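> What follows is start.cif; its format and atoms are mmCIF, C-alpha atoms.
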data_work
loop_
_atom_site.label_atom_id
_atom_site.label_comp_id
_atom_site.auth_asym_id
_atom_site.auth_seq_id
_atom_site.Cartn_x
_atom_site.Cartn_y
_atom_site.Cartn_z
CA MET A 260 89.06 124.27 104.81
CA PRO A 261 92.14 122.13 105.34
CA SER A 262 93.67 120.10 102.54
CA ILE A 263 92.97 116.57 103.79
CA ALA A 264 94.51 113.26 102.76
CA THR A 265 92.59 110.24 104.00
CA ILE A 266 94.65 107.08 104.49
CA ILE A 267 92.41 104.02 104.64
CA ASN A 268 93.94 100.74 105.79
CA TYR A 269 92.36 97.95 103.75
CA CYS A 270 92.32 94.20 103.42
CA THR A 271 89.63 92.15 101.70
CA ASN A 272 88.19 91.04 105.04
CA ASP A 273 86.60 94.51 104.86
CA PHE A 274 85.26 94.25 101.31
CA ARG A 275 81.70 94.92 102.50
CA PHE A 276 82.74 98.29 103.99
CA ILE A 277 85.30 99.79 101.63
CA ASP A 278 82.94 101.24 99.00
CA ARG A 279 80.93 103.21 101.55
CA CYS A 280 84.05 104.20 103.46
CA ILE A 281 85.53 105.69 100.28
CA GLN A 282 82.23 107.26 99.21
CA GLU A 283 81.99 109.23 102.45
CA ALA A 284 85.69 110.12 102.49
CA LYS A 285 85.41 111.67 99.02
CA LEU A 286 83.13 114.36 100.47
CA PHE A 287 86.01 115.93 102.40
CA SER A 288 89.28 114.48 101.02
CA ASN A 289 91.71 116.08 98.58
CA GLN A 290 93.65 112.82 98.34
CA ILE A 291 92.71 109.24 99.23
CA LEU A 292 95.48 106.71 99.75
CA ILE A 293 94.64 103.07 100.42
CA PRO A 294 97.52 100.88 101.58
CA VAL A 295 97.11 97.16 100.91
CA CYS A 296 99.47 94.38 101.97
CA ASP A 297 99.67 91.47 99.53
CA HIS A 298 99.19 89.10 102.50
CA PHE A 299 97.02 89.11 105.57
CA PHE A 300 98.85 89.79 108.81
CA ASP A 301 99.16 86.11 109.68
CA GLY A 302 101.20 85.67 106.48
CA SER A 303 98.48 83.99 104.40
CA PRO A 304 97.94 85.35 100.84
CA GLU A 305 95.36 88.03 100.19
CA ASN A 306 92.22 87.37 98.15
CA ARG A 307 93.60 88.59 94.83
CA GLU A 308 90.25 88.50 93.00
CA LEU A 309 88.55 90.68 95.61
CA LEU A 310 91.50 93.06 95.61
CA HIS A 311 91.19 93.51 91.85
CA HIS A 312 87.46 94.15 92.15
CA THR A 313 88.15 96.81 94.77
CA TYR A 314 90.81 98.43 92.60
CA ALA A 315 88.47 98.50 89.59
CA ARG A 316 85.67 100.19 91.53
CA HIS A 317 87.81 103.12 92.66
CA PRO A 318 90.03 104.42 89.85
CA ASP A 319 90.12 107.89 91.43
CA CYS A 320 91.86 106.62 94.59
CA THR A 321 95.52 105.65 94.90
CA PHE A 322 96.12 102.10 96.09
CA ILE A 323 99.60 101.33 97.41
CA GLU A 324 100.17 97.58 97.44
CA PHE A 325 103.25 96.54 99.39
CA PRO A 326 104.75 93.07 99.87
CA TYR A 327 104.62 91.20 103.15
CA LEU A 328 108.08 90.51 104.53
CA PRO A 329 108.18 87.12 106.27
CA ASP A 330 111.18 87.83 108.49
CA ARG A 331 111.39 91.60 109.15
CA LEU A 332 109.46 94.87 109.27
CA TYR A 333 109.81 97.88 107.02
CA SER A 334 110.94 99.85 110.07
CA GLN A 335 114.70 99.79 110.57
CA TYR A 336 114.28 100.78 114.20
CA HIS A 337 112.24 97.82 115.47
CA ASN A 338 113.76 94.36 115.86
CA ILE A 339 110.40 92.54 115.87
CA LYS A 340 110.28 88.94 114.66
CA PRO A 341 107.38 86.74 113.50
CA SER A 342 107.57 84.81 116.78
CA ASP A 343 106.78 87.98 118.78
CA THR A 344 103.13 88.48 119.72
CA ASP A 345 103.30 92.09 118.51
CA TRP A 346 104.42 91.07 115.01
CA SER A 347 100.96 91.26 113.41
CA MET A 348 100.13 94.56 115.12
CA PHE A 349 103.10 96.24 113.49
CA TRP A 350 101.83 95.26 110.04
CA GLY A 351 98.69 97.36 110.50
CA THR A 352 100.87 100.36 111.31
CA THR A 353 103.11 99.63 108.31
CA GLY A 354 100.40 100.55 105.80
CA ARG A 355 99.76 103.89 107.48
CA TYR A 356 103.47 104.66 107.61
CA ILE A 357 104.12 103.79 103.96
CA SER A 358 101.14 105.84 102.79
CA PHE A 359 102.40 108.86 104.73
CA LEU A 360 105.45 108.80 102.44
CA PHE A 361 103.20 109.18 99.37
CA LEU A 362 101.24 112.24 100.50
CA ASP A 363 100.83 115.08 98.02
CA ALA A 364 102.99 118.11 98.77
CA ASP A 365 100.02 120.43 99.35
CA ILE A 366 98.37 118.22 102.02
CA ASP A 367 98.28 119.81 105.46
CA THR A 368 96.05 117.38 107.39
CA VAL A 369 96.03 113.57 107.46
CA LEU A 370 93.15 111.33 108.53
CA PHE A 371 94.05 107.74 109.42
CA LEU A 372 91.14 105.30 109.00
CA ASP A 373 90.44 101.59 108.88
CA SER A 374 88.09 100.51 106.12
CA ASP A 375 85.36 99.39 108.54
CA GLU A 376 85.17 102.95 109.93
CA VAL A 377 82.49 104.79 107.95
CA PHE A 378 82.21 108.56 108.29
CA GLU A 379 79.14 110.72 108.03
CA GLY A 380 80.91 112.87 105.50
CA LYS A 381 78.52 115.82 105.59
CA ALA A 382 78.60 115.95 109.40
CA PHE A 383 82.40 115.91 109.31
CA LEU A 384 82.43 118.80 106.83
CA GLU A 385 80.10 120.74 109.12
CA TRP A 386 82.48 120.15 112.03
CA LEU A 387 85.50 121.22 109.96
CA GLU A 388 83.80 124.56 109.33
CA THR A 389 83.97 125.27 113.08
CA LYS A 390 87.81 125.32 112.68
CA GLU A 391 88.17 123.51 116.00
CA HIS A 392 90.83 121.32 114.39
CA GLU A 393 93.12 124.33 113.91
CA SER A 394 93.89 124.43 117.64
CA TYR A 395 95.33 120.91 117.77
CA GLU A 396 98.08 118.92 116.09
CA ALA A 397 96.50 115.53 116.76
CA MET A 398 92.90 114.56 117.47
CA ARG A 399 91.18 111.24 118.11
CA LEU A 400 87.62 111.13 116.83
CA ALA A 401 84.80 109.45 118.72
CA ALA A 402 83.05 106.58 116.95
CA TYR A 403 79.98 104.44 117.43
CA TYR A 404 80.87 100.76 117.80
CA TYR A 405 78.74 97.92 116.37
CA ALA A 406 78.63 94.13 116.54
CA LEU A 407 76.58 91.39 114.83
CA LYS A 408 74.31 93.80 112.96
CA PRO A 409 74.33 97.52 112.08
CA THR A 410 71.59 98.31 114.57
CA PHE A 411 73.36 96.69 117.54
CA ARG A 412 75.38 99.55 119.01
CA ALA A 413 77.55 99.87 122.11
CA LYS A 414 76.32 102.37 124.70
CA ASN A 415 79.78 103.91 125.04
CA VAL A 416 81.61 105.43 122.08
CA VAL A 417 85.24 104.60 121.28
CA ASN A 418 88.15 106.76 120.07
CA LEU A 419 89.49 105.41 116.77
CA PRO A 420 90.28 107.63 113.73
CA LEU A 421 93.32 109.86 114.08
CA LEU A 422 93.40 113.33 112.54
CA ALA A 423 96.84 114.95 112.48
CA LYS A 424 98.59 118.00 111.06
CA LYS A 425 101.10 116.73 108.53
CA GLU A 426 104.01 119.02 109.39
CA ALA A 427 103.67 118.54 113.15
CA PHE A 428 103.26 114.77 113.05
CA LYS A 429 106.22 112.40 113.22
CA PRO A 430 105.39 109.43 110.95
CA LEU A 431 107.83 107.08 112.70
CA THR A 432 105.57 107.20 115.76
CA LEU A 433 103.11 105.12 113.75
CA PHE A 434 105.42 102.13 114.23
CA ASN A 435 104.23 100.90 117.63
CA GLU A 436 102.29 97.97 119.00
CA ILE A 437 99.15 99.98 119.79
CA ASP A 438 98.85 101.64 116.39
CA ARG A 439 97.04 105.00 116.19
CA LEU A 440 96.61 105.21 119.95
CA GLY A 441 100.36 104.86 120.41
CA ALA A 442 101.08 107.56 117.82
CA TYR A 443 98.61 109.88 119.54
CA MET A 444 99.99 109.20 123.03
CA THR A 445 103.58 109.88 122.02
CA HIS A 446 102.76 113.13 120.25
CA ALA A 447 103.98 116.02 122.41
CA GLY A 448 102.04 118.87 120.81
CA PRO A 449 98.49 120.09 121.53
CA LYS A 450 96.00 117.27 121.13
CA ARG A 451 92.47 116.26 121.99
CA GLU A 452 90.34 113.11 122.01
CA LYS A 453 86.63 112.23 122.11
CA VAL A 454 85.94 114.66 119.27
CA VAL A 455 82.28 114.76 118.19
CA GLY A 456 80.23 116.74 115.71
CA VAL A 457 78.51 120.10 116.14
CA ASN A 458 75.40 118.26 117.38
CA GLY A 459 77.40 116.59 120.14
CA LEU A 460 77.27 113.17 118.47
CA PRO A 461 79.97 111.06 116.79
CA PHE A 462 80.19 111.23 113.00
CA VAL A 463 82.04 107.89 112.67
CA HIS A 464 80.50 104.39 112.61
CA HIS A 465 82.83 101.49 113.38
CA TYR A 466 81.34 98.24 112.04
CA SER A 467 84.02 96.05 113.59
CA TRP A 468 82.06 92.80 114.07
CA VAL A 469 79.13 93.38 111.70
CA ARG A 470 79.92 90.31 109.61
CA THR A 471 78.72 86.79 109.05
CA LYS A 472 80.08 84.15 111.41
CA GLU A 473 82.56 82.87 108.83
CA GLU A 474 83.73 86.40 108.09
CA CYS A 475 84.27 86.99 111.81
CA LEU A 476 86.36 83.81 112.02
CA GLN A 477 88.39 84.88 108.97
CA LYS A 478 89.03 88.28 110.53
CA ALA A 479 90.07 86.67 113.81
CA ARG A 480 92.56 84.37 112.08
CA THR A 481 94.27 87.07 110.08
CA TRP A 482 94.08 90.50 111.75
CA GLY A 483 96.58 92.29 113.94
CA HIS A 484 94.80 91.47 117.20
CA ARG A 485 94.62 87.73 116.58
CA HIS A 486 96.65 86.93 119.73
CA ASP A 487 94.55 89.12 122.03
CA GLU A 488 91.68 86.72 122.77
CA ASP A 489 90.35 83.22 122.20
CA TRP A 490 88.45 84.53 119.19
CA PRO A 491 86.78 81.29 117.99
CA LYS A 492 85.27 80.82 121.45
CA LEU A 493 84.07 84.44 121.67
CA ILE A 494 82.64 84.35 118.14
CA GLU A 495 80.77 81.13 118.86
CA GLU A 496 79.31 82.66 122.02
CA ALA A 497 78.26 85.84 120.21
CA PHE A 498 76.42 83.98 117.47
CA ASN A 499 74.78 81.74 120.09
CA GLY A 500 73.27 84.75 121.84
CA LYS A 501 75.76 85.35 124.68
CA THR A 502 76.08 89.13 124.54
CA ASP A 503 77.25 90.18 128.02
CA ARG A 504 80.86 90.39 126.80
CA LEU A 505 80.36 90.52 123.07
CA PHE A 506 83.50 89.57 121.11
CA GLY A 507 85.60 90.16 124.20
CA SER A 508 84.57 93.79 124.67
CA THR A 509 83.30 95.25 127.94
CA HIS A 510 80.60 97.27 126.16
CA GLN A 511 76.91 96.97 126.77
CA PHE A 512 74.91 96.93 123.54
CA PHE A 513 71.43 98.12 122.69
CA GLU A 514 69.22 98.11 119.60
CA ILE A 515 68.81 101.31 117.60
CA GLU A 516 65.87 101.84 115.29
CA LYS A 517 67.78 102.40 112.06
CA GLY A 518 71.44 101.94 111.16
CA TYR A 519 73.46 104.46 109.17
CA PHE A 520 74.63 101.80 106.71
CA ASP A 521 74.11 98.03 106.42
CA PRO A 522 77.28 96.27 105.23
CA LEU A 523 75.51 92.90 105.27
CA ASP A 524 73.47 94.13 102.29
CA ILE A 525 76.65 94.45 100.21
CA PRO A 526 77.05 91.42 97.91
CA PHE A 527 80.31 89.85 96.88
CA PRO A 528 81.08 90.02 93.13
CA THR A 529 80.40 87.01 90.95
CA THR A 530 82.21 88.16 87.79
CA LYS A 531 85.93 88.14 87.08
CA ALA A 532 87.75 91.34 87.97
CA PRO A 533 89.71 93.35 85.40
CA LYS A 534 93.44 93.87 85.71
CA PRO A 535 94.50 96.80 87.93
CA GLY A 536 94.96 100.21 86.34
CA PRO A 537 97.69 102.84 86.87
CA HIS A 538 96.07 104.04 90.12
CA VAL A 539 97.42 100.87 91.76
CA GLN A 540 101.07 101.26 92.71
CA ARG A 541 102.81 97.99 93.51
CA ILE A 542 105.87 99.01 95.44
CA SER A 543 108.94 97.23 96.79
CA GLU A 544 111.03 97.57 99.94
CA ARG A 545 113.48 99.60 97.86
CA ASP A 546 110.72 102.02 96.84
CA VAL A 547 109.95 102.61 100.52
CA ARG A 548 113.62 103.37 101.26
CA ILE A 549 113.73 105.87 98.38
CA LYS A 550 110.62 107.61 99.73
CA GLU A 551 112.12 107.69 103.23
CA ILE A 552 115.18 109.46 101.85
CA GLU A 553 112.99 111.92 99.94
CA ASN A 554 111.08 112.64 103.14
CA ALA A 555 114.31 112.93 105.19
CA LEU A 556 113.34 110.03 107.46
CA LEU A 557 116.64 108.17 107.14
#
So, in terms of structure tokens, how does the structure I just supplied come out?

Amino acid sequence: MPSIATIINYCTNDFRFIDRCIQEAKLFSNQILIPVCDHFFDGSPENRELLHHTYARHPDCTFIEFPYLPDRLYSQYHNIKPSDTDWSMFWGTTGRYISFLFLDADIDTVLFLDSDEVFEGKAFLEWLETKEHESYEAMRLAAYYYALKPTFRAKNVVNLPLLAKKEAFKPLTLFNEIDRLGAYMTHAGPKREKVVGVNGLPFVHHYSWVRTKEECLQKARTWGHRHDEDWPKLIEEAFNGKTDRLFGSTHQFFEIEKGYFDPLDIPFPTTKAPKPGPHVQRISERDVRIKEIENALL
């Protein structure tokens, strides 16, 4: 079995998903790194209370909290400014890139996830035993896509999580405006997409728009794709029953009998969160530069 590090991009917009995402990832991961920006990608402050609750629930994961830079990126090779439409997209890639610098030395395979992408951990382990991954340096894994509720699934699957061999993968390719897809497309080695389990079905569930209306609006205001669509209009249409182009997608949706996991059943905490423990690393821009030097990226 490969030594796998799972990097899970997280912000508190995805609080309902993160516990289950981590729970499943623990079934196959030797290391779990969770990058967290101290601001959302529109520059507004994160929900500090929810962050602390998340930290407290997962003391066996490593959280890497990095500061939002209002006028520049962590990449020294991209002259992107806040006025550029791609600005917010690069912040999603920043967390993946920074986490790559903190991988354990014995890791040979890296899985890049978003926190609303929930694996079927046992099915993934079963697929790993086929050793299919050994023939490729980069793989995109097929995922079910959901909206409104966990039983409302798109007919077509989407490629989302990226699985890559650490030594063959160039981390600087993560800095691009189309995120994991861009890193996959620029990789020159053997690669494959639309990867499914041994039963021919995806083992990933992407709960992108399975949220309350207010949570959808919050996501739309603050995420990397906020310039892509007129999100308030599309969200209003979706919650009013217009589902022919749900949340701007071209997917057709259908009802399944039972969902794998229902994030809407996850309550928000009502108690005060404890202070973060040592598993939360609050880093600076200087810390990133030191890690880049250690990893021979500068």
> Do you know which residues are at most 6 Å from segment 412-417 of chain A counting all atoms listed in the file, after dropping those on the same chain fewer than 3 positions away, and could you put them as a list of chain:residue names?
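Listing them by chain and then by number gives A:Ala401, A:Ala402, A:Tyr403, A:Tyr404, A:Tyr405, A:His510, A:Gln511, A:Phe512, A:Phe513.
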> Nearest to Ser342 of chain A among A:Lys472, A:His486, A:Arg279, A:His465, with distances taken over only C-alpha atoms: which residue is it?
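Checking each candidate against Ser342 of chain A, we get A:His486 as the closest.
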> What is the atom CA of Asp546 of chain A-atom CA of Phe287 of chain A distance in Å, reported with one decimal?
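These two atoms are separated by 28.9 Å.
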> Sort by chain and increasing residue number a table of all residues of segment 450-504 of chain A within 10 Å of segment 515-538 of chain A, each with its closest pair of atoms and their distance in Å to one decimal, counting all atoms listed in the file, and write it as a Markdown table.

| residue | atom | partner | partner_atom | distance |
| --- | --- | --- | --- | --- |
| A:Val463 | CA | A:Tyr519 | CA | 9.9 |
| A:His464 | CA | A:Tyr519 | CA | 7.8 |
| A:Tyr466 | CA | A:Pro522 | CA | 8.2 |
| A:Val469 | CA | A:Pro522 | CA | 7.3 |
| A:Arg470 | CA | A:Leu523 | CA | 6.7 |
| A:Thr471 | CA | A:Leu523 | CA | 7.9 |
> Find, counting all atoms listed in the file, the residue in A:Gly351, A:Gly456, A:Gly448, A:Pro409 that gets nearest to Asn435 of chain A.
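Among A:Gly351, A:Gly456, A:Gly448, A:Pro409, it is A:Gly351 that comes nearest to Asn435 of chain A.
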> Within 9 Å of (93.3, 110.4, 90.5), all atoms listed in the file: residues as a list in words?
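Residues with an atom close enough to that point: Gln290, Ile291, Pro318, Asp319, Cys320, Thr321 and His538 of chain A.
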> One decimal, in Å: what's the spacing between atom CA of Lys492 of chain A and atom CA of Cys475 of chain A?
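Taking atom CA of Lys492 of chain A and atom CA of Cys475 of chain A, their separation equals 11.5 Å.
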> Can you pull out every residue within 12 Å of Phe325 of chain A, counting all atoms listed in the file, but drop anything in the same chain fewer than 5 positions away, and send it as an MDAnalysis selection string?
chainID A and resid 269:270 293:299 305 332:333 350 353:358 539:547
> Since I can't run it myself right now, could you work out what the PyMOL selection byres ((chain A and resi 400) around 7) selects here and report it as a list in words?
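Matching residues under the PyMOL selection byres ((chain A and resi 400) around 7) are Met398, Arg399, Ala401, Ala402, Asn418, Leu419, Pro420, Leu421, Glu452, Lys453, Val454 and Val455 of chain A.
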> Which residues are near Ala264 of chain A? Cut-off 9 Å, all atoms listed in the file, ignore same chain within fewer than 3 positions. Put them as a CSV table (one decimal) with C-alpha atoms, in the coordinates of the input.

chain,number,residue,atom,x,y,z
A,287,PHE,CA,86.0,115.9,102.4
A,288,SER,CA,89.3,114.5,101.0
A,289,ASN,CA,91.7,116.1,98.6
A,290,GLN,CA,93.6,112.8,98.3
A,291,ILE,CA,92.7,109.2,99.2
A,292,LEU,CA,95.5,106.7,99.8
A,362,LEU,CA,101.2,112.2,100.5
A,363,ASP,CA,100.8,115.1,98.0
A,366,ILE,CA,98.4,118.2,102.0
A,367,ASP,CA,98.3,119.8,105.5
A,368,THR,CA,96.0,117.4,107.4
A,369,VAL,CA,96.0,113.6,107.5
A,370,LEU,CA,93.2,111.3,108.5
A,371,PHE,CA,94.0,107.7,109.4
> Quick one: segment 395-407 of chain A with N, CA and C atoms, as a CSV table (one decimal), in the frame of the given file?

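Below you can see rebuild-v9.csv, which holds the result:
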chain,number,residue,atom,x,y,z
A,395,TYR,N,94.7,122.2,117.3
A,395,TYR,CA,95.3,120.9,117.8
A,395,TYR,C,96.2,120.3,116.6
A,396,GLU,N,97.2,119.6,117.1
A,396,GLU,CA,98.1,118.9,116.1
A,396,GLU,C,97.7,117.5,115.9
A,397,ALA,N,97.0,116.9,116.9
A,397,ALA,CA,96.5,115.5,116.8
A,397,ALA,C,95.2,115.4,117.5
A,398,MET,N,94.2,114.7,116.9
A,398,MET,CA,92.9,114.6,117.5
A,398,MET,C,92.4,113.1,117.2
A,399,ARG,N,91.8,112.5,118.3
A,399,ARG,CA,91.2,111.2,118.1
A,399,ARG,C,89.7,111.5,118.1
A,400,LEU,N,89.0,110.9,117.1
A,400,LEU,CA,87.6,111.1,116.8
A,400,LEU,C,86.8,110.0,117.4
A,401,ALA,N,85.7,110.4,118.1
A,401,ALA,CA,84.8,109.4,118.7
A,401,ALA,C,84.0,108.7,117.7
A,402,ALA,N,83.8,107.4,117.9
A,402,ALA,CA,83.0,106.6,117.0
A,402,ALA,C,82.0,105.7,117.7
A,403,TYR,N,80.9,105.5,117.0
A,403,TYR,CA,80.0,104.4,117.4
A,403,TYR,C,80.6,103.1,117.1
A,404,TYR,N,80.3,102.1,117.9
A,404,TYR,CA,80.9,100.8,117.8
A,404,TYR,C,79.7,99.7,117.7
A,405,TYR,N,79.8,98.9,116.7
A,405,TYR,CA,78.7,97.9,116.4
A,405,TYR,C,79.2,96.5,116.4
A,406,ALA,N,78.3,95.6,116.6
A,406,ALA,CA,78.6,94.1,116.5
A,406,ALA,C,77.4,93.4,116.1
A,407,LEU,N,77.6,92.3,115.3
A,407,LEU,CA,76.6,91.4,114.8
A,407,LEU,C,75.7,92.0,113.7
